[in-house]
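Chemist: What follows is the file start-v3.txt, containing compact mmCIF, C-alpha atoms:
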# COMPACT_ATOMS: atom_id res chain seq x y z
CA LEU A 940 -28.48 16.95 -19.91
CA LYS A 941 -29.46 14.24 -17.44
CA LYS A 942 -30.43 14.97 -13.84
CA MET A 943 -27.25 15.63 -11.81
CA LEU A 944 -26.75 14.30 -8.30
CA ALA A 945 -23.86 14.57 -5.88
CA LEU A 946 -23.39 11.80 -3.33
CA ILE A 947 -21.01 13.11 -0.66
CA VAL A 948 -19.57 10.38 1.54
CA ALA A 949 -18.33 11.46 4.97
CA GLY A 950 -17.59 8.36 6.94
CA GLY A 951 -14.15 8.61 8.48
CA SER A 952 -13.35 8.93 12.15
CA GLY A 953 -10.72 11.43 13.31
CA THR A 954 -8.00 8.98 14.36
CA ARG A 955 -5.32 10.00 11.85
CA MET A 956 -5.95 13.66 12.64
CA GLN A 957 -5.05 13.18 16.34
CA SER A 958 -8.32 14.97 16.98
CA PRO A 959 -11.54 13.79 18.65
CA VAL A 960 -13.51 15.73 16.03
CA PRO A 961 -14.24 13.73 12.84
CA LYS A 962 -12.12 15.29 10.11
CA GLN A 963 -15.14 16.26 7.97
CA PHE A 964 -16.24 18.57 10.82
CA LEU A 965 -12.87 20.27 11.39
CA LEU A 966 -12.87 23.98 10.64
CA LEU A 967 -11.31 25.16 7.40
CA ALA A 968 -11.29 28.95 7.10
CA GLY A 969 -13.81 29.05 9.97
CA LYS A 970 -16.28 26.56 8.48
CA PRO A 971 -16.57 22.73 8.70
CA VAL A 972 -14.71 20.97 5.87
CA LEU A 973 -17.93 19.25 4.79
CA MET A 974 -19.74 22.55 4.18
CA HIS A 975 -17.01 23.63 1.80
CA THR A 976 -17.42 20.32 -0.02
CA LEU A 977 -21.21 20.65 -0.37
CA GLU A 978 -20.88 24.29 -1.47
CA ARG A 979 -18.49 23.34 -4.28
CA PHE A 980 -21.21 21.21 -5.89
CA VAL A 981 -23.99 23.73 -5.29
CA SER A 982 -21.81 26.54 -6.71
CA PHE A 983 -21.18 24.40 -9.76
CA SER A 984 -24.93 24.13 -10.41
CA GLN A 985 -27.96 25.22 -8.40
CA LYS A 986 -29.86 22.38 -10.11
CA ILE A 987 -27.68 19.69 -8.57
CA GLN A 988 -29.35 17.47 -5.96
CA THR A 989 -27.04 16.69 -3.03
CA VAL A 990 -27.15 13.61 -0.83
CA LEU A 991 -24.91 13.46 2.22
CA VAL A 992 -23.97 10.13 3.82
CA LEU A 993 -22.93 10.47 7.47
CA PRO A 994 -22.28 7.99 10.28
CA GLU A 995 -25.59 7.65 12.16
CA ASN A 996 -24.10 8.99 15.41
CA GLU A 997 -22.85 12.16 13.69
CA ILE A 998 -26.13 13.26 12.12
CA VAL A 999 -27.26 15.33 15.11
CA THR A 1000 -23.85 17.00 15.34
CA TRP A 1001 -24.04 17.87 11.65
CA LYS A 1002 -27.53 19.36 12.00
CA ASN A 1003 -26.35 21.49 14.90
CA LEU A 1004 -23.33 22.63 12.88
CA CYS A 1005 -25.67 23.64 10.06
CA ILE A 1006 -27.69 25.82 12.47
CA GLU A 1007 -24.56 27.29 14.04
CA HIS A 1008 -23.02 28.15 10.67
CA HIS A 1009 -26.31 29.26 9.03
CA PHE A 1010 -25.90 26.57 6.37
CA THR A 1011 -29.22 26.48 4.57
CA GLN A 1012 -28.44 24.64 1.34
CA PRO A 1013 -31.04 21.86 1.05
CA HIS A 1014 -29.50 18.40 1.12
CA GLN A 1015 -30.74 14.89 1.86
CA ILE A 1016 -29.04 13.16 4.82
CA VAL A 1017 -28.55 9.38 4.80
CA ALA A 1018 -27.06 7.19 7.55
CA GLY A 1019 -23.86 5.42 6.45
CA GLY A 1020 -22.71 1.86 7.05
CA LYS A 1021 -19.66 0.25 8.56
CA THR A 1022 -17.53 0.49 5.43
CA ARG A 1023 -17.22 3.08 2.69
CA PHE A 1024 -18.82 0.53 0.38
CA ALA A 1025 -21.85 0.17 2.68
CA SER A 1026 -22.13 3.96 3.01
CA VAL A 1027 -22.18 4.54 -0.75
CA ARG A 1028 -24.68 1.70 -1.22
CA ASN A 1029 -26.97 3.25 1.41
CA GLY A 1030 -26.68 6.60 -0.34
CA LEU A 1031 -27.49 5.12 -3.75
CA SER A 1032 -30.54 3.33 -2.29
CA ALA A 1033 -31.82 6.52 -0.70
CA ILE A 1034 -31.82 8.45 -3.98
CA ALA A 1035 -35.44 8.66 -5.21
CA GLU A 1036 -34.54 9.23 -8.89
CA ARG A 1037 -34.37 6.25 -11.22
CA GLU A 1038 -32.19 7.90 -13.84
CA GLY A 1039 -29.45 10.46 -13.84
CA LEU A 1040 -25.74 10.99 -13.27
CA VAL A 1041 -24.30 10.70 -9.78
CA ALA A 1042 -20.98 12.22 -8.74
CA ILE A 1043 -19.71 10.22 -5.76
CA HIS A 1044 -17.29 12.43 -3.82
CA ASP A 1045 -15.22 12.26 -0.63
CA GLY A 1046 -16.57 14.60 2.04
CA VAL A 1047 -12.97 15.47 2.92
CA ARG A 1048 -12.07 16.84 -0.53
CA PRO A 1049 -13.35 20.38 0.04
CA LEU A 1050 -11.33 22.10 -2.70
CA VAL A 1051 -12.60 20.26 -5.78
CA PRO A 1052 -12.56 22.86 -8.58
CA ALA A 1053 -15.77 23.56 -10.53
CA GLU A 1054 -14.06 22.60 -13.78
CA VAL A 1055 -13.26 19.11 -12.44
CA ILE A 1056 -16.94 18.62 -11.51
CA ALA A 1057 -17.96 19.91 -14.94
CA ARG A 1058 -15.56 17.63 -16.84
CA SER A 1059 -16.67 14.67 -14.73
CA PHE A 1060 -20.39 15.12 -15.49
CA ALA A 1061 -19.68 15.77 -19.17
CA LEU A 1062 -17.62 12.62 -19.65
CA ALA A 1063 -20.02 10.49 -17.57
CA GLU A 1064 -22.90 11.72 -19.74
CA GLU A 1065 -20.99 10.63 -22.84
CA LYS A 1066 -19.36 7.40 -21.60
CA GLY A 1067 -21.25 6.28 -18.48
CA SER A 1068 -18.35 6.85 -16.10
CA ALA A 1069 -15.75 9.52 -15.31
CA VAL A 1070 -13.15 9.25 -12.58
CA ALA A 1071 -10.97 12.25 -11.69
CA ALA A 1072 -7.26 11.43 -11.87
CA VAL A 1073 -3.88 13.19 -12.03
CA PRO A 1074 -0.42 12.10 -13.23
CA LEU A 1075 2.25 11.38 -10.60
CA LYS A 1076 4.85 14.05 -9.87
CA ASP A 1077 7.23 11.62 -8.14
CA SER A 1078 8.89 8.39 -9.19
CA LEU A 1079 7.14 5.21 -8.14
CA ARG A 1080 8.51 1.96 -6.72
CA MET A 1081 6.83 -1.24 -5.62
CA MET A 1082 7.92 -3.18 -2.52
CA LEU A 1083 8.62 -6.83 -3.37
CA ASN A 1084 9.12 -7.76 0.27
CA GLU A 1085 10.12 -5.89 3.44
CA THR A 1086 13.42 -4.60 2.04
CA ASP A 1087 13.44 -5.01 -1.74
CA SER A 1088 11.61 -2.83 -4.22
CA GLN A 1089 11.54 -2.27 -7.95
CA ILE A 1090 10.92 0.80 -10.05
CA ILE A 1091 7.59 1.17 -11.86
CA ASP A 1092 7.24 3.41 -14.91
CA ARG A 1093 5.07 6.26 -13.63
CA THR A 1094 4.18 7.56 -17.10
CA PRO A 1095 1.01 5.46 -17.54
CA CYS A 1096 0.04 5.72 -13.85
CA ARG A 1097 -2.61 8.04 -12.43
CA LEU A 1098 -3.49 8.99 -8.86
CA ILE A 1099 -7.23 8.56 -8.42
CA GLN A 1100 -9.37 11.25 -6.81
CA THR A 1101 -13.07 11.94 -6.59
CA PRO A 1102 -15.59 12.86 -7.99
CA GLN A 1103 -16.18 9.47 -9.55
CA THR A 1104 -19.24 10.08 -11.65
CA PHE A 1105 -21.49 7.37 -13.09
CA ASP A 1106 -24.74 6.74 -14.80
CA LEU A 1107 -27.03 6.13 -11.81
CA GLN A 1108 -28.44 2.82 -13.04
CA THR A 1109 -24.97 1.52 -13.88
CA ILE A 1110 -23.42 2.22 -10.50
CA ARG A 1111 -26.48 0.92 -8.63
CA HIS A 1112 -26.22 -2.27 -10.64
CA ALA A 1113 -22.49 -2.53 -9.87
CA TYR A 1114 -23.08 -2.10 -6.12
CA ALA A 1115 -25.85 -4.75 -6.22
CA GLU A 1116 -23.55 -7.20 -8.07
CA ALA A 1117 -20.59 -6.82 -5.69
CA THR A 1118 -19.56 -10.01 -3.91
CA HIS A 1119 -17.44 -8.33 -1.18
CA GLU A 1120 -17.05 -4.89 0.42
CA ASP A 1121 -13.26 -4.42 0.25
CA PHE A 1122 -13.22 -1.89 -2.57
CA THR A 1123 -11.02 1.19 -2.24
CA ASP A 1124 -13.22 3.27 -4.52
CA ASP A 1125 -16.31 3.28 -6.73
CA ALA A 1126 -14.31 2.81 -9.91
CA ALA A 1127 -13.17 -0.56 -8.56
CA VAL A 1128 -16.80 -1.53 -7.83
CA ALA A 1129 -17.88 -0.56 -11.35
CA GLU A 1130 -14.93 -2.39 -12.87
CA ALA A 1131 -15.61 -5.56 -10.86
CA ALA A 1132 -19.14 -5.58 -12.30
CA GLY A 1133 -17.76 -5.37 -15.80
CA PHE A 1134 -18.42 -1.69 -16.55
CA PRO A 1135 -15.64 0.30 -18.23
CA VAL A 1136 -14.08 3.10 -16.18
CA TYR A 1137 -13.03 6.31 -17.93
CA LEU A 1138 -10.61 8.79 -16.41
CA THR A 1139 -10.96 12.56 -16.53
CA GLU A 1140 -8.45 15.24 -15.54
CA GLY A 1141 -8.53 15.96 -11.80
CA SER A 1142 -6.55 18.65 -10.02
CA TYR A 1143 -3.59 18.78 -7.64
CA GLU A 1144 -5.64 21.25 -5.60
CA ASN A 1145 -8.34 18.64 -5.04
CA LEU A 1146 -6.64 17.33 -1.93
CA LYS A 1147 -8.01 14.89 0.60
CA ILE A 1148 -7.85 16.12 4.19
CA THR A 1149 -6.31 13.21 6.07
CA THR A 1150 -3.57 14.75 8.24
CA PRO A 1151 -3.23 18.01 10.19
CA GLU A 1152 -0.77 19.28 7.52
CA ASP A 1153 -3.47 18.91 4.87
CA LEU A 1154 -5.70 21.41 6.70
CA TRP A 1155 -2.90 23.99 6.63
CA VAL A 1156 -2.31 23.35 2.98
CA ALA A 1157 -6.03 23.69 2.23
CA GLU A 1158 -6.15 27.02 4.11
CA ALA A 1159 -3.22 28.25 2.02
CA ILE A 1160 -4.94 27.30 -1.24
CA LEU A 1161 -8.19 28.97 -0.13
CA ARG A 1162 -6.39 32.16 0.88
CA ARG A 1163 -4.75 32.39 -2.50
CA SER A 1164 -7.89 31.86 -4.58
CA LEU B 1444 30.45 7.75 11.01
CA LYS B 1445 31.60 8.26 7.44
CA LYS B 1446 32.12 11.70 5.90
CA MET B 1447 28.71 13.16 4.94
CA LEU B 1448 28.14 15.06 1.71
CA ALA B 1449 25.05 16.64 0.21
CA LEU B 1450 24.80 16.94 -3.57
CA ILE B 1451 22.02 19.42 -4.33
CA VAL B 1452 20.86 19.31 -7.94
CA ALA B 1453 19.17 22.43 -9.27
CA GLY B 1454 18.77 22.02 -12.97
CA GLY B 1455 15.20 22.80 -13.97
CA SER B 1456 14.00 25.72 -16.01
CA GLY B 1457 10.94 27.70 -14.95
CA THR B 1458 8.57 26.60 -17.72
CA ARG B 1459 6.00 24.77 -15.57
CA MET B 1460 5.96 27.69 -13.12
CA GLN B 1461 4.84 30.14 -15.85
CA SER B 1462 7.72 32.26 -14.62
CA PRO B 1463 10.92 33.40 -16.31
CA VAL B 1464 12.78 32.82 -13.02
CA PRO B 1465 14.10 29.24 -12.60
CA LYS B 1466 11.98 27.67 -9.85
CA GLN B 1467 14.97 27.08 -7.57
CA PHE B 1468 15.44 30.88 -7.41
CA LEU B 1469 11.80 31.78 -6.67
CA LEU B 1470 11.26 33.38 -3.29
CA LEU B 1471 9.82 31.26 -0.49
CA ALA B 1472 9.20 33.26 2.68
CA GLY B 1473 11.42 35.99 1.23
CA LYS B 1474 14.38 33.76 0.35
CA PRO B 1475 15.25 31.73 -2.78
CA VAL B 1476 13.97 28.14 -2.60
CA LEU B 1477 17.50 26.83 -3.05
CA MET B 1478 18.80 28.61 0.07
CA HIS B 1479 16.16 26.89 2.17
CA THR B 1480 17.25 23.58 0.70
CA LEU B 1481 20.95 24.13 1.46
CA GLU B 1482 20.13 25.35 4.98
CA ARG B 1483 18.19 22.17 5.76
CA PHE B 1484 21.34 20.12 5.25
CA VAL B 1485 23.61 22.54 7.11
CA SER B 1486 21.12 22.70 10.03
CA PHE B 1487 21.13 18.92 10.15
CA SER B 1488 24.91 18.89 10.59
CA GLN B 1489 27.53 21.63 10.49
CA LYS B 1490 30.01 18.91 9.42
CA ILE B 1491 28.19 18.17 6.20
CA GLN B 1492 29.94 19.20 2.99
CA THR B 1493 27.56 20.69 0.40
CA VAL B 1494 27.98 20.61 -3.35
CA LEU B 1495 25.54 22.57 -5.51
CA VAL B 1496 25.03 21.68 -9.17
CA LEU B 1497 23.63 24.59 -11.20
CA PRO B 1498 23.16 25.22 -14.93
CA GLU B 1499 26.28 27.05 -16.08
CA ASN B 1500 24.34 30.17 -17.11
CA GLU B 1501 22.74 30.47 -13.68
CA ILE B 1502 25.91 30.44 -11.59
CA VAL B 1503 26.42 34.22 -11.69
CA THR B 1504 22.77 34.81 -10.78
CA TRP B 1505 23.14 32.44 -7.84
CA LYS B 1506 26.29 34.18 -6.60
CA ASN B 1507 24.53 37.53 -6.78
CA LEU B 1508 21.55 36.11 -4.88
CA CYS B 1509 23.93 34.87 -2.18
CA ILE B 1510 25.35 38.38 -1.77
CA GLU B 1511 21.89 39.99 -1.81
CA HIS B 1512 20.53 37.56 0.81
CA HIS B 1513 23.72 37.49 2.93
CA PHE B 1514 24.00 33.73 2.38
CA THR B 1515 27.45 32.84 3.68
CA GLN B 1516 27.24 29.06 4.13
CA PRO B 1517 30.29 27.61 2.34
CA HIS B 1518 29.33 25.37 -0.59
CA GLN B 1519 31.05 24.08 -3.70
CA ILE B 1520 29.44 25.12 -7.01
CA VAL B 1521 29.58 22.79 -10.01
CA ALA B 1522 28.22 23.41 -13.52
CA GLY B 1523 25.47 20.95 -14.50
CA GLY B 1524 24.89 19.11 -17.77
CA LYS B 1525 22.05 18.81 -20.24
CA THR B 1526 20.18 16.13 -18.28
CA ARG B 1527 19.67 15.47 -14.57
CA PHE B 1528 21.88 12.43 -15.06
CA ALA B 1529 24.72 14.54 -16.49
CA SER B 1530 24.33 17.09 -13.69
CA VAL B 1531 24.61 14.48 -10.94
CA ARG B 1532 27.57 12.86 -12.69
CA ASN B 1533 29.33 16.24 -12.88
CA GLY B 1534 28.64 16.78 -9.20
CA LEU B 1535 29.99 13.36 -8.24
CA SER B 1536 33.15 13.95 -10.29
CA ALA B 1537 33.74 17.31 -8.62
CA ILE B 1538 33.72 15.85 -5.12
CA ALA B 1539 37.33 15.61 -3.92
CA GLU B 1540 36.69 12.89 -1.33
CA ARG B 1541 37.20 9.25 -2.28
CA GLU B 1542 35.01 7.81 0.44
CA GLY B 1543 31.90 8.87 2.28
CA LEU B 1544 28.14 9.02 2.04
CA VAL B 1545 26.45 11.36 -0.42
CA ALA B 1546 22.84 12.50 -0.12
CA ILE B 1547 21.67 13.47 -3.60
CA HIS B 1548 18.77 15.90 -3.23
CA ASP B 1549 16.47 17.95 -5.46
CA GLY B 1550 17.19 21.67 -5.15
CA VAL B 1551 13.44 22.30 -5.27
CA ARG B 1552 12.62 20.22 -2.17
CA PRO B 1553 13.26 22.99 0.38
CA LEU B 1554 11.23 21.51 3.25
CA VAL B 1555 13.04 18.19 3.76
CA PRO B 1556 12.82 17.52 7.52
CA ALA B 1557 16.01 16.92 9.52
CA GLU B 1558 14.76 13.48 10.60
CA VAL B 1559 14.44 12.38 6.96
CA ILE B 1560 18.06 13.44 6.30
CA ALA B 1561 19.15 11.66 9.49
CA ARG B 1562 17.33 8.42 8.64
CA SER B 1563 18.72 8.52 5.12
CA PHE B 1564 22.37 8.81 6.22
CA ALA B 1565 21.90 6.17 8.94
CA LEU B 1566 20.44 3.57 6.57
CA ALA B 1567 22.96 4.35 3.82
CA GLU B 1568 25.77 3.86 6.32
CA GLU B 1569 24.35 0.45 7.20
CA LYS B 1570 23.16 -0.78 3.78
CA GLY B 1571 24.93 1.36 1.16
CA SER B 1572 21.77 3.10 -0.08
CA ALA B 1573 18.71 4.87 1.34
CA VAL B 1574 15.98 6.42 -0.75
CA ALA B 1575 13.25 8.53 0.90
CA ALA B 1576 9.76 7.27 0.06
CA VAL B 1577 6.17 7.63 1.27
CA PRO B 1578 3.04 5.46 0.86
CA LEU B 1579 0.32 6.67 -1.51
CA LYS B 1580 -2.74 8.38 -0.07
CA ASP B 1581 -4.81 7.93 -3.23
CA SER B 1582 -5.84 4.92 -5.28
CA LEU B 1583 -3.67 4.16 -8.29
CA ARG B 1584 -4.60 3.16 -11.82
CA MET B 1585 -2.50 2.41 -14.88
CA MET B 1586 -3.50 3.50 -18.38
CA LEU B 1587 -3.51 0.56 -20.80
CA ASN B 1588 -4.14 2.81 -23.80
CA GLU B 1589 -5.67 6.25 -24.34
CA THR B 1590 -9.01 5.37 -22.73
CA ASP B 1591 -8.68 2.11 -20.76
CA SER B 1592 -7.04 1.76 -17.38
CA GLN B 1593 -6.77 -0.85 -14.66
CA ILE B 1594 -6.51 -0.58 -10.90
CA ILE B 1595 -3.14 -1.25 -9.24
CA ASP B 1596 -2.91 -2.27 -5.59
CA ARG B 1597 -1.37 0.79 -3.95
CA THR B 1598 -0.41 -1.04 -0.72
CA PRO B 1599 3.08 -2.10 -1.87
CA CYS B 1600 3.67 1.13 -3.84
CA ARG B 1601 5.80 4.06 -2.67
CA LEU B 1602 6.22 7.57 -4.01
CA ILE B 1603 9.92 8.30 -4.31
CA GLN B 1604 11.43 11.52 -2.99
CA THR B 1605 14.94 12.70 -2.27
CA PRO B 1606 17.38 12.59 -0.50
CA GLN B 1607 18.66 9.45 -2.18
CA THR B 1608 21.76 8.65 -0.17
CA PHE B 1609 24.54 6.31 -1.26
CA ASP B 1610 27.98 5.14 -0.45
CA LEU B 1611 30.09 7.51 -2.58
CA GLN B 1612 32.11 4.81 -4.32
CA THR B 1613 28.98 2.80 -5.11
CA ILE B 1614 27.06 5.62 -6.74
CA ARG B 1615 30.14 6.83 -8.67
CA HIS B 1616 30.57 3.31 -9.98
CA ALA B 1617 26.88 3.15 -10.94
CA TYR B 1618 27.09 6.45 -12.84
CA ALA B 1619 30.22 5.26 -14.63
CA GLU B 1620 28.54 1.98 -15.63
CA ALA B 1621 25.35 3.59 -17.00
CA THR B 1622 24.74 2.92 -20.70
CA HIS B 1623 22.15 5.69 -21.20
CA GLU B 1624 21.05 8.93 -19.50
CA ASP B 1625 17.27 8.44 -19.33
CA PHE B 1626 17.05 7.71 -15.62
CA THR B 1627 14.35 9.42 -13.56
CA ASP B 1628 16.36 9.24 -10.36
CA ASP B 1629 19.58 8.03 -8.76
CA ALA B 1630 17.96 4.90 -7.36
CA ALA B 1631 17.29 3.78 -10.95
CA VAL B 1632 20.95 4.40 -11.86
CA ALA B 1633 22.14 2.37 -8.86
CA GLU B 1634 19.69 -0.41 -9.62
CA ALA B 1635 20.71 -0.59 -13.29
CA ALA B 1636 24.32 -1.13 -12.16
CA GLY B 1637 23.21 -4.02 -9.95
CA PHE B 1638 23.30 -2.30 -6.56
CA PRO B 1639 20.40 -2.92 -4.16
CA VAL B 1640 18.23 0.09 -3.34
CA TYR B 1641 16.81 0.43 0.17
CA LEU B 1642 13.90 2.69 1.01
CA THR B 1643 13.62 4.89 4.09
CA GLU B 1644 10.62 6.83 5.38
CA GLY B 1645 10.26 10.21 3.70
CA SER B 1646 7.71 12.88 4.59
CA TYR B 1647 4.59 14.34 3.00
CA GLU B 1648 6.02 17.76 3.89
CA ASN B 1649 9.04 17.10 1.68
CA LEU B 1650 7.33 18.49 -1.37
CA LYS B 1651 8.84 19.28 -4.72
CA ILE B 1652 8.21 22.82 -5.95
CA THR B 1653 7.00 22.32 -9.52
CA THR B 1654 3.88 24.48 -9.82
CA PRO B 1655 2.83 27.90 -8.45
CA GLU B 1656 0.43 26.11 -6.00
CA ASP B 1657 3.38 24.26 -4.49
CA LEU B 1658 5.00 27.55 -3.45
CA TRP B 1659 1.84 28.56 -1.59
CA VAL B 1660 1.66 25.20 0.08
CA ALA B 1661 5.31 25.42 1.11
CA GLU B 1662 4.73 28.89 2.59
CA ALA B 1663 1.81 27.47 4.61
CA ILE B 1664 3.93 24.62 5.97
CA LEU B 1665 6.77 27.04 6.87
CA ARG B 1666 4.40 29.42 8.65
CA ARG B 1667 3.02 26.59 10.76
CA SER B 1668 6.37 25.16 11.86
Could you write out this file's structure as structure tokens?
Modeler:
Amino acid sequence: LKKMLALIVAGGSGTRMQSPVPKQFLLLAGKPVLMHTLERFVSFSQKIQTVLVLPENEIVTWKNLCIEHHFTQPHQIVAGGKTRFASVRNGLSAIAEREGLVAIHDGVRPLVPAEVIARSFALAEEKGSAVAAVPLKDSLRMMLNETDSQIIDRTPCRLIQTPQTFDLQTIRHAYAEATHEDFTDDAAVAEAAGFPVYLTEGSYENLKITTPEDLWVAEAILRRS
Amino acid sequence: LKKMLALIVAGGSGTRMQSPVPKQFLLLAGKPVLMHTLERFVSFSQKIQTVLVLPENEIVTWKNLCIEHHFTQPHQIVAGGKTRFASVRNGLSAIAEREGLVAIHDGVRPLVPAEVIARSFALAEEKGSAVAAVPLKDSLRMMLNETDSQIIDRTPCRLIQTPQTFDLQTIRHAYAEATHEDFTDDAAVAEAAGFPVYLTEGSYENLKITTPEDLWVAEAILRRS
């Protein structure tokens, strides 16, 4: 198996959370969201090398949180950029390895199950890319203008999550080739550079903490497991 | 304001829940899911008339549950059909009123907020239809075949929920006109009959109970409110 890396991207501000604390630092079951996220990858494999991209002005806060919460898992810290794209690119540049598989993951998806990480690395090893995705539970419509919409068949549609795992050289190449920074995810960057994107089964539990409700939901899922 | 009706459709079996109990009867905070759903509409307005569509072989169970849980809210019970389409059509036929507004709602969406119901009736009164919908939080891709997929711009896309509220005559006409029964929701039936479908803001809390995790999540949301 190739060298496994996890690139955890924690860039968002707390605006949608109506909280002055960036959402990756909010407490989930008594511990910052981001620590849960890092621990999921370390629990999956002690051999995994973790790289954490943080806004420059949050690095000191994070280090203090690590002391306060006795978080001693080794991880490399990299300063992010203005966009998610710039943050991931900085993270990829900071990785010393030349070869390997890198799982790029949202810092605010703290409940990613081990089996999703495992499937993602396995498919990326085989195919060069593996993007976690789930089918839609609800019907889907597309707005045509402010009032009119039309139904879309949801059967072939997938909601995209992270990890999005790639061959390290491939995704570095894709980020170097990009002609703009308006990508919503890494799969789109890879695709724009001409690399095929393969989907792997994600999980409905792998939720993204973006609203106060999500934190409550995450607590409920943690309590149950 | 026109006469308001709620048509609650509870047709599903419990297969995805890994439970022999139909999911609409599972206990949420000590009470069957379906009772929460009915109470949301009654709490919204005591004037609302509720019609409950149930599989024929579950009607006795439901009546016993009502006795056991001291559920005394008056509601009309109608036997459902083999498909969701047939169940809604049976429900529409059983309504004695000739005119009014009918909110068609999934029995397994027990957390629908009052403001979503209110918005839905208000827009349906004005435009003839109102379908609850929310923007997507995740990126969206479409499978082109078993392995290839392409990104879809999620900005104009909406996840469709219920209530789906219609002018009673309109939706009856649409169900009568339908040439097949393979519709995923009532909006699709209305649209196929040539009626415009208008969207109204739903809620991320308005979740559909389809898996065991969803019940835990719903409990968490109830505890918080």
Chemist: I need the residue nearest B:Val1521 from this list: B:Ser1488, B:Lys1474, B:Phe1638, B:Gly1454. Use only C-alpha atoms for the distance.
Modeler: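 Closest to B:Val1521 of all the choices is B:Gly1454.
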Chemist: Please identify all polymer residues within 10 Å of A:Gln1015, counting only C-alpha atoms, omitting same-chain residues fewer than 3 positions from it, and present them as a VMD selection string.
Modeler: chain A and resid 946 988 to 992 1030 1033 to 1034
Chemist: Output as JSON, numbers by chain the set of chain A residues within 10 Å of chain B, with distances taken over only C-alpha atoms.
Modeler: {"A": [1072, 1073, 1074, 1075, 1076, 1077, 1078, 1079, 1080, 1081, 1082, 1083, 1084, 1085, 1086, 1087, 1088, 1089, 1090, 1091, 1092, 1093, 1094, 1095, 1096, 1097, 1098, 1099, 1100, 1101, 1123, 1124, 1126, 1127, 1130, 1135, 1136, 1137, 1138, 1139, 1143, 1144, 1146, 1147, 1149, 1150, 1152, 1153, 1154, 1155, 1156, 1157, 1158, 1159, 1160, 1162, 1163]}
Chemist: At a cut-off of 7 Å, using all atoms listed in the file, what residues contact stretch 1607-1621 of chain B? Leave out same-chain residues fewer than 2 positions from it and give the result as an MDAnalysis selection string.
Modeler: chainID B and resid 1532 1535 1542:1548 1563:1564 1567 1571:1575 1605 1623 1629:1630 1632:1633 1636
Chemist: Find, counting all atoms listed in the file, the residue in B:Leu1566, B:Val1464, B:Val1485, B:Ala1472 that gets nearest to B:Leu1665.
Modeler: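 Using all atoms listed in the file, the shortest distance to B:Leu1665 belongs to B:Ala1472.
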Chemist: Skip B:Leu1508 itself and residues of its chain fewer than 5 positions away, then list as JSON, numbers by chain all residues within 9 Å of it, counting all atoms listed in the file.
Modeler: {"B": [1468, 1475, 1503, 1513, 1514]}
